[in-house]
Amino acid sequence: MKSISAKITGASQVVFILGHPVSHSLSPAMHNAAFEKVNLPWLYTPLDIFSREVGPVVKMMRAFNTRGANVTVPYKEKVLSHLDWIEPEARWLGSVNTIYRKDDQLCGTSTDGEGFLRSLGSWRSRLNGTKGLLIGAGGAAKAVAGALAHAGVKGFYVANRSGAKGAKLMKSLRKKYPRLDVQAIPLRDVDRFVPYSNWIVQSTSLGLKGEASPVSLKGARKGTLAVDLIYHRETDFLKQAKHFGLVHWGGLGMLLHQGALSFEIWTGRKAPIEVMRQALVNGLKFR
Ligand code: NDP
């Protein structure tokens, strides 16, 4: 392993990831590889903190002129009240994954939604006017739903275990995007909507530990896009997508592109995507 201290200079900056726990995070490997690639003597390091420390840590960051931080589970919501300014989309989401400095202020944004869209590659330009199926209504689902609405989809079905949470997401989307055709459906009925979907996004945590997919993809039409936000393994959802010949991928691309966007915000430079992707792939291999 190369020495980190050899790279620290008077011009060095420290960027953090705040969370609990954070030891499993692939972001330090991804961002440190990127800093090295673009010859920035910066350091990206985890800060595993307790909930009561979120405010004091943000205050400390303000005091020593840091360029910013990432925020992960469970502080993506809590951190909002400690920042000076929140971008409108992040305020709507109620979630911040990136802190950056603007003059003497610490600002919050979320790169998850745009990271998801970028991960779609050429599929992004095919979203306009489509209808799809979003499974899950948690934080990741809301970021993806907002991004899809922004990208011009005609509408989608939201299927969630907790009907109340699915309905809440539907209402929030209808309020923000009045022309969006969004309908909350019970998770038990989800298979019925598969044939009517141009794309299907699996955003629940089902599959993280090898659980069965919440949906059967048997009825999907040829050419349907199937994305699972889980990036840790090949899930049952992805195995099914492969089996039925669908266009499919996991969540690594979203993880990569949300990180690339954070990098670009902090440094003002274009992110070295391939180096960052390789760092993530290596990180997953050595788990
Ligand atoms: P949340 O805790 O906010 O939401 C969890 C979602 O999973 C909810 O819809 C919840 O339903 C559902 N769920 C959990 N357990 C079950 C179950 N047993 N049966 C049915 N549904 C269940 O988490 P996030 O939205 O932040 O994350 C969700 C997934 O997305 C995670 O696997 C995470 O790793 C992944 N993710 C990937 C990212 C990437 O960059 N690729 C970024 C962020 C997240 P209910 O409301 O009923 O509890």
# chains A, B, ... in the order shown; residues from 1 in each chain; ligands from 1
>>> residues_near_ligand(ligand="ligand 1", cutoff="6 Å", atoms="only C-alpha atoms and all ligand atoms", output="PyMOL selection string")
chain A and resi 136-141+160-162+165+203-206+208+229-231+251-252+254-255
>>> write_last_selection(atoms="C-alpha atoms", output="mmCIF file, in the first residue's frame")
data_model
loop_
_atom_site.group_PDB
_atom_site.id
_atom_site.type_symbol
_atom_site.label_atom_id
_atom_site.label_comp_id
_atom_site.auth_asym_id
_atom_site.auth_seq_id
_atom_site.Cartn_x
_atom_site.Cartn_y
_atom_site.Cartn_z
ATOM 1 C CA GLY A 136 -40.067 0.738 -2.748
ATOM 2 C CA ALA A 137 -40.816 4.147 -1.274
ATOM 3 C CA GLY A 138 -37.792 4.837 0.928
ATOM 4 C CA GLY A 139 -35.133 7.520 0.586
ATOM 5 C CA ALA A 140 -33.522 6.031 -2.522
ATOM 6 C CA ALA A 141 -36.931 5.554 -4.166
ATOM 7 C CA ASN A 160 -44.371 -0.505 -1.390
ATOM 8 C CA ARG A 161 -44.766 -2.858 1.569
ATOM 9 C CA SER A 162 -46.139 -0.053 3.715
ATOM 10 C CA LYS A 165 -45.498 5.273 2.775
ATOM 11 C CA SER A 203 -35.335 0.140 -4.703
ATOM 12 C CA THR A 204 -36.171 -1.899 -1.611
ATOM 13 C CA SER A 205 -33.451 -3.475 0.514
ATOM 14 C CA LEU A 206 -34.802 -6.943 -0.378
ATOM 15 C CA LEU A 208 -29.154 -7.282 0.219
ATOM 16 C CA LEU A 229 -30.330 -0.228 -6.751
ATOM 17 C CA ILE A 230 -28.533 -2.853 -4.679
ATOM 18 C CA TYR A 231 -24.868 -2.955 -5.711
ATOM 19 C CA GLY A 251 -26.756 -0.195 -8.384
ATOM 20 C CA LEU A 252 -23.019 0.193 -8.883
ATOM 21 C CA MET A 254 -25.709 4.930 -9.410
ATOM 22 C CA LEU A 255 -23.149 4.710 -6.604
#
>>> residues_around(residues="Tyr100 (chain A)", least_positions_apart="6", cutoff="9 Å", atoms="only C-alpha atoms", output="ChimeraX atom specification")
/A:66-70,106-109,262,265-266
>>> write_last_selection(atoms="all heavy atoms", output="mmCIF file, in the first residue's frame")
data_model
loop_
_atom_site.group_PDB
_atom_site.id
_atom_site.type_symbol
_atom_site.label_atom_id
_atom_site.label_comp_id
_atom_site.auth_asym_id
_atom_site.auth_seq_id
_atom_site.Cartn_x
_atom_site.Cartn_y
_atom_site.Cartn_z
ATOM 1 N N THR A 66 -13.251 23.279 5.370
ATOM 2 C CA THR A 66 -13.244 22.089 4.519
ATOM 3 C C THR A 66 -14.026 22.324 3.228
ATOM 4 O O THR A 66 -14.919 23.162 3.174
ATOM 5 C CB THR A 66 -13.865 20.884 5.257
ATOM 6 O OG1 THR A 66 -13.846 19.758 4.406
ATOM 7 C CG2 THR A 66 -15.293 21.151 5.669
ATOM 8 N N ARG A 67 -13.696 21.571 2.188
ATOM 9 C CA ARG A 67 -14.432 21.688 0.922
ATOM 10 C C ARG A 67 -15.779 21.002 1.015
ATOM 11 O O ARG A 67 -16.677 21.301 0.245
ATOM 12 C CB ARG A 67 -13.636 21.044 -0.212
ATOM 13 C CG ARG A 67 -12.421 21.803 -0.649
ATOM 14 C CD ARG A 67 -12.775 23.164 -1.240
ATOM 15 N NE ARG A 67 -11.579 23.954 -1.404
ATOM 16 C CZ ARG A 67 -10.923 24.080 -2.552
ATOM 17 N NH1 ARG A 67 -11.364 23.480 -3.618
ATOM 18 N NH2 ARG A 67 -9.833 24.808 -2.614
ATOM 19 N N GLY A 68 -15.901 20.009 1.912
ATOM 20 C CA GLY A 68 -17.204 19.371 2.019
ATOM 21 C C GLY A 68 -17.151 17.968 2.568
ATOM 22 O O GLY A 68 -16.173 17.542 3.174
ATOM 23 N N ALA A 69 -18.245 17.251 2.310
ATOM 24 C CA ALA A 69 -18.384 15.900 2.857
ATOM 25 C C ALA A 69 -19.492 15.171 2.117
ATOM 26 O O ALA A 69 -20.318 15.795 1.457
ATOM 27 C CB ALA A 69 -18.744 15.968 4.346
ATOM 28 N N ASN A 70 -19.479 13.869 2.250
ATOM 29 C CA ASN A 70 -20.654 13.061 1.926
ATOM 30 C C ASN A 70 -21.343 12.731 3.238
ATOM 31 O O ASN A 70 -20.710 12.719 4.297
ATOM 32 C CB ASN A 70 -20.268 11.745 1.235
ATOM 33 C CG ASN A 70 -20.034 11.903 -0.245
ATOM 34 O OD1 ASN A 70 -19.113 11.314 -0.799
ATOM 35 N ND2 ASN A 70 -20.867 12.674 -0.928
ATOM 36 N N LEU A 106 -21.944 26.461 4.422
ATOM 37 C CA LEU A 106 -21.968 25.037 4.092
ATOM 38 C C LEU A 106 -23.351 24.705 3.526
ATOM 39 O O LEU A 106 -24.371 24.936 4.175
ATOM 40 C CB LEU A 106 -21.687 24.178 5.327
ATOM 41 C CG LEU A 106 -20.228 24.146 5.786
ATOM 42 C CD1 LEU A 106 -20.063 23.228 6.992
ATOM 43 C CD2 LEU A 106 -19.269 23.721 4.671
ATOM 44 N N CYS A 107 -23.354 24.196 2.301
ATOM 45 C CA CYS A 107 -24.607 23.947 1.576
ATOM 46 C C CYS A 107 -24.825 22.450 1.414
ATOM 47 O O CYS A 107 -23.867 21.670 1.377
ATOM 48 C CB CYS A 107 -24.538 24.580 0.193
ATOM 49 S SG CYS A 107 -24.081 26.318 0.245
ATOM 50 N N GLY A 108 -26.101 22.063 1.274
ATOM 51 C CA GLY A 108 -26.429 20.647 1.124
ATOM 52 C C GLY A 108 -27.123 20.368 -0.200
ATOM 53 O O GLY A 108 -27.955 21.154 -0.654
ATOM 54 N N THR A 109 -26.769 19.255 -0.808
ATOM 55 C CA THR A 109 -27.449 18.827 -2.025
ATOM 56 C C THR A 109 -27.567 17.311 -2.010
ATOM 57 O O THR A 109 -26.993 16.645 -1.146
ATOM 58 C CB THR A 109 -26.697 19.322 -3.283
ATOM 59 O OG1 THR A 109 -27.495 19.048 -4.444
ATOM 60 C CG2 THR A 109 -25.352 18.638 -3.472
ATOM 61 N N SER A 262 -20.483 14.425 -6.733
ATOM 62 C CA SER A 262 -19.955 15.052 -5.519
ATOM 63 C C SER A 262 -18.523 15.533 -5.771
ATOM 64 O O SER A 262 -18.160 16.664 -5.419
ATOM 65 C CB SER A 262 -19.929 14.063 -4.349
ATOM 66 O OG SER A 262 -21.210 13.590 -4.075
ATOM 67 N N ILE A 265 -18.488 18.680 -7.748
ATOM 68 C CA ILE A 265 -18.925 19.833 -6.946
ATOM 69 C C ILE A 265 -17.768 20.324 -6.072
ATOM 70 O O ILE A 265 -17.494 21.513 -5.980
ATOM 71 C CB ILE A 265 -20.145 19.442 -6.075
ATOM 72 C CG1 ILE A 265 -21.378 19.235 -6.948
ATOM 73 C CG2 ILE A 265 -20.421 20.490 -5.001
ATOM 74 C CD1 ILE A 265 -22.567 18.592 -6.230
ATOM 75 N N TRP A 266 -17.058 19.417 -5.418
ATOM 76 C CA TRP A 266 -15.980 19.821 -4.502
ATOM 77 C C TRP A 266 -14.768 20.384 -5.227
ATOM 78 O O TRP A 266 -14.156 21.339 -4.780
ATOM 79 C CB TRP A 266 -15.499 18.629 -3.661
ATOM 80 C CG TRP A 266 -16.507 18.020 -2.770
ATOM 81 C CD1 TRP A 266 -17.473 18.668 -2.040
ATOM 82 C CD2 TRP A 266 -16.675 16.626 -2.503
ATOM 83 N NE1 TRP A 266 -18.214 17.766 -1.342
ATOM 84 C CE2 TRP A 266 -17.754 16.504 -1.603
ATOM 85 C CE3 TRP A 266 -16.026 15.469 -2.911
ATOM 86 C CZ2 TRP A 266 -18.185 15.276 -1.112
ATOM 87 C CZ3 TRP A 266 -16.450 14.246 -2.439
ATOM 88 C CH2 TRP A 266 -17.510 14.160 -1.558
#
>>> residues_around(residues="region 60-64 of chain A", least_positions_apart="3", cutoff="12 Å", atoms="only C-alpha atoms", output="NGL selection string")
:A and (13-18 or 47 or 53-57 or 67-69 or 82-84 or 99-107)
>>> select_by_dssp(residues="region 69-283 of chain A", states="strand (DSSP E or B)", output="JSON, numbers by chain")
{"A": [69, 70, 71, 85, 86, 98, 99, 100, 101, 102, 105, 106, 107, 108, 109, 131, 132, 133, 134, 135, 155, 156, 157, 158, 159, 160, 181, 182, 183, 184, 185, 186, 199, 200, 201, 202, 225, 226, 227, 228, 247, 248, 249]}
>>> residues_around(residues="Glu234 (chain A)", least_positions_apart="6", cutoff="9 Å", atoms="only C-alpha atoms", output="number ranges by chain")
A: 207, 210, 250
>>> write_last_selection(atoms="all heavy atoms", output="PDB file, in the first residue's frame")
ATOM      1  N   GLY A 207     -32.931  -8.340  -1.007  1.00  0.00           N
ATOM      2  CA  GLY A 207     -31.891  -8.828  -1.914  1.00  0.00           C
ATOM      3  C   GLY A 207     -30.506  -8.567  -1.350  1.00  0.00           C
ATOM      4  O   GLY A 207     -29.534  -9.225  -1.703  1.00  0.00           O
ATOM      5  N   GLY A 210     -29.669 -11.655   0.146  1.00  0.00           N
ATOM      6  CA  GLY A 210     -30.018 -12.827  -0.656  1.00  0.00           C
ATOM      7  C   GLY A 210     -31.504 -13.155  -0.663  1.00  0.00           C
ATOM      8  O   GLY A 210     -31.901 -14.220  -1.138  1.00  0.00           O
ATOM      9  N   GLY A 250     -27.267  -3.473 -11.977  1.00  0.00           N
ATOM     10  CA  GLY A 250     -27.376  -3.252 -10.539  1.00  0.00           C
ATOM     11  C   GLY A 250     -27.052  -1.808 -10.170  1.00  0.00           C
ATOM     12  O   GLY A 250     -26.937  -0.943 -11.045  1.00  0.00           O
TER      13      GLY A 250
END
>>> select_by_dssp(residues="region 48-282 of chain A", states="helix (DSSP H, G or I)", output="ChimeraX atom specification")
/A:51-63,78-82,88-93,112-119,121-126,139-150,163-176,187-196,236-243,252-267,273-282
>>> residues_around(residues="region 172-177 of chain A", least_positions_apart="3", cutoff="8 Å", atoms="only C-alpha atoms", output="ChimeraX atom specification")
/A:145-146,149,168-169,180-182
>>> residues_around(residues="Leu93 (chain A)", least_positions_apart="2", cutoff="9 Å", atoms="only C-alpha atoms", output="JSON, numbers by chain")
{"A": [77, 88, 89, 90, 91, 95, 96, 110, 139, 142, 143, 146]}
>>> residues_around(residues="region 214-227 of chain A", least_positions_apart="4", cutoff="10 Å", atoms="only C-alpha atoms", output="number ranges by chain")
A: 116, 120, 123, 132-136, 159-161, 187-207, 236-251
>>> closest_residue(among="A:His24, A:Trp85, A:Gly155, A:Leu43", to="Lys7 (chain A)", atoms="only C-alpha atoms")
A:Leu43
>>> decode(residues="region 78-153 of chain A", atoms="C-alpha atoms", output="PDB file, in the first residue's frame")
ATOM      1  CA  LYS A  78     -30.666  14.876  10.300  1.00  0.00           C
ATOM      2  CA  VAL A  79     -27.887  16.931   8.746  1.00  0.00           C
ATOM      3  CA  LEU A  80     -30.320  19.326   6.995  1.00  0.00           C
ATOM      4  CA  SER A  81     -31.010  21.398  10.087  1.00  0.00           C
ATOM      5  CA  HIS A  82     -27.290  22.058  10.640  1.00  0.00           C
ATOM      6  CA  LEU A  83     -26.484  23.449   7.191  1.00  0.00           C
ATOM      7  CA  ASP A  84     -26.679  27.071   6.015  1.00  0.00           C
ATOM      8  CA  TRP A  85     -28.505  26.404   2.749  1.00  0.00           C
ATOM      9  CA  ILE A  86     -30.196  23.394   1.129  1.00  0.00           C
ATOM     10  CA  GLU A  87     -30.758  23.079  -2.610  1.00  0.00           C
ATOM     11  CA  PRO A  88     -34.494  22.889  -3.492  1.00  0.00           C
ATOM     12  CA  GLU A  89     -34.435  19.267  -4.748  1.00  0.00           C
ATOM     13  CA  ALA A  90     -32.643  18.105  -1.583  1.00  0.00           C
ATOM     14  CA  ARG A  91     -35.160  20.030   0.513  1.00  0.00           C
ATOM     15  CA  TRP A  92     -38.002  18.265  -1.280  1.00  0.00           C
ATOM     16  CA  LEU A  93     -36.279  14.924  -0.740  1.00  0.00           C
ATOM     17  CA  GLY A  94     -35.585  15.808   2.900  1.00  0.00           C
ATOM     18  CA  SER A  95     -32.173  14.276   2.340  1.00  0.00           C
ATOM     19  CA  VAL A  96     -28.612  15.489   1.764  1.00  0.00           C
ATOM     20  CA  ASN A  97     -25.783  13.231   0.627  1.00  0.00           C
ATOM     21  CA  THR A  98     -23.281  15.964  -0.280  1.00  0.00           C
ATOM     22  CA  ILE A  99     -22.125  19.014   1.662  1.00  0.00           C
ATOM     23  CA  TYR A 100     -20.126  21.678  -0.145  1.00  0.00           C
ATOM     24  CA  ARG A 101     -18.756  25.089   0.688  1.00  0.00           C
ATOM     25  CA  LYS A 102     -19.913  28.249  -1.020  1.00  0.00           C
ATOM     26  CA  ASP A 103     -18.066  31.296   0.330  1.00  0.00           C
ATOM     27  CA  ASP A 104     -18.383  30.909   4.088  1.00  0.00           C
ATOM     28  CA  GLN A 105     -21.527  28.782   3.956  1.00  0.00           C
ATOM     29  CA  LEU A 106     -21.968  25.037   4.092  1.00  0.00           C
ATOM     30  CA  CYS A 107     -24.607  23.947   1.576  1.00  0.00           C
ATOM     31  CA  GLY A 108     -26.429  20.647   1.124  1.00  0.00           C
ATOM     32  CA  THR A 109     -27.449  18.827  -2.025  1.00  0.00           C
ATOM     33  CA  SER A 110     -28.352  15.327  -3.128  1.00  0.00           C
ATOM     34  CA  THR A 111     -26.563  13.740  -6.078  1.00  0.00           C
ATOM     35  CA  ASP A 112     -28.491  10.451  -5.809  1.00  0.00           C
ATOM     36  CA  GLY A 113     -31.210  11.246  -8.365  1.00  0.00           C
ATOM     37  CA  GLU A 114     -28.941  12.696 -11.031  1.00  0.00           C
ATOM     38  CA  GLY A 115     -26.439   9.917 -10.278  1.00  0.00           C
ATOM     39  CA  PHE A 116     -29.181   7.402 -11.044  1.00  0.00           C
ATOM     40  CA  LEU A 117     -30.030   9.117 -14.346  1.00  0.00           C
ATOM     41  CA  ARG A 118     -26.384   9.279 -15.412  1.00  0.00           C
ATOM     42  CA  SER A 119     -26.025   5.587 -14.636  1.00  0.00           C
ATOM     43  CA  LEU A 120     -28.686   4.839 -17.260  1.00  0.00           C
ATOM     44  CA  GLY A 121     -26.367   5.924 -20.076  1.00  0.00           C
ATOM     45  CA  SER A 122     -28.182   5.973 -23.415  1.00  0.00           C
ATOM     46  CA  TRP A 123     -31.387   4.723 -21.769  1.00  0.00           C
ATOM     47  CA  ARG A 124     -31.766   8.168 -20.203  1.00  0.00           C
ATOM     48  CA  SER A 125     -32.784   9.709 -23.515  1.00  0.00           C
ATOM     49  CA  ARG A 126     -35.412   6.991 -23.992  1.00  0.00           C
ATOM     50  CA  LEU A 127     -37.269   7.744 -20.747  1.00  0.00           C
ATOM     51  CA  ASN A 128     -39.347  10.601 -22.095  1.00  0.00           C
ATOM     52  CA  GLY A 129     -43.038   9.637 -22.259  1.00  0.00           C
ATOM     53  CA  THR A 130     -42.517   6.163 -20.777  1.00  0.00           C
ATOM     54  CA  LYS A 131     -44.396   4.484 -17.954  1.00  0.00           C
ATOM     55  CA  GLY A 132     -42.723   2.275 -15.383  1.00  0.00           C
ATOM     56  CA  LEU A 133     -42.779   0.551 -12.048  1.00  0.00           C
ATOM     57  CA  LEU A 134     -40.939   1.715  -8.945  1.00  0.00           C
ATOM     58  CA  ILE A 135     -40.735  -0.838  -6.151  1.00  0.00           C
ATOM     59  CA  GLY A 136     -40.067   0.738  -2.748  1.00  0.00           C
ATOM     60  CA  ALA A 137     -40.816   4.147  -1.274  1.00  0.00           C
ATOM     61  CA  GLY A 138     -37.792   4.837   0.928  1.00  0.00           C
ATOM     62  CA  GLY A 139     -35.133   7.520   0.586  1.00  0.00           C
ATOM     63  CA  ALA A 140     -33.522   6.031  -2.522  1.00  0.00           C
ATOM     64  CA  ALA A 141     -36.931   5.554  -4.166  1.00  0.00           C
ATOM     65  CA  LYS A 142     -37.850   9.199  -3.653  1.00  0.00           C
ATOM     66  CA  ALA A 143     -34.559  10.385  -5.181  1.00  0.00           C
ATOM     67  CA  VAL A 144     -35.055   8.080  -8.182  1.00  0.00           C
ATOM     68  CA  ALA A 145     -38.747   9.044  -8.532  1.00  0.00           C
ATOM     69  CA  GLY A 146     -37.919  12.766  -8.587  1.00  0.00           C
ATOM     70  CA  ALA A 147     -35.161  12.193 -11.147  1.00  0.00           C
ATOM     71  CA  LEU A 148     -37.434  10.122 -13.385  1.00  0.00           C
ATOM     72  CA  ALA A 149     -40.151  12.776 -13.222  1.00  0.00           C
ATOM     73  CA  HIS A 150     -37.547  15.404 -14.091  1.00  0.00           C
ATOM     74  CA  ALA A 151     -36.387  13.265 -17.033  1.00  0.00           C
ATOM     75  CA  GLY A 152     -39.891  13.434 -18.534  1.00  0.00           C
ATOM     76  CA  VAL A 153     -41.428  10.044 -17.846  1.00  0.00           C
TER      77      VAL A 153
END
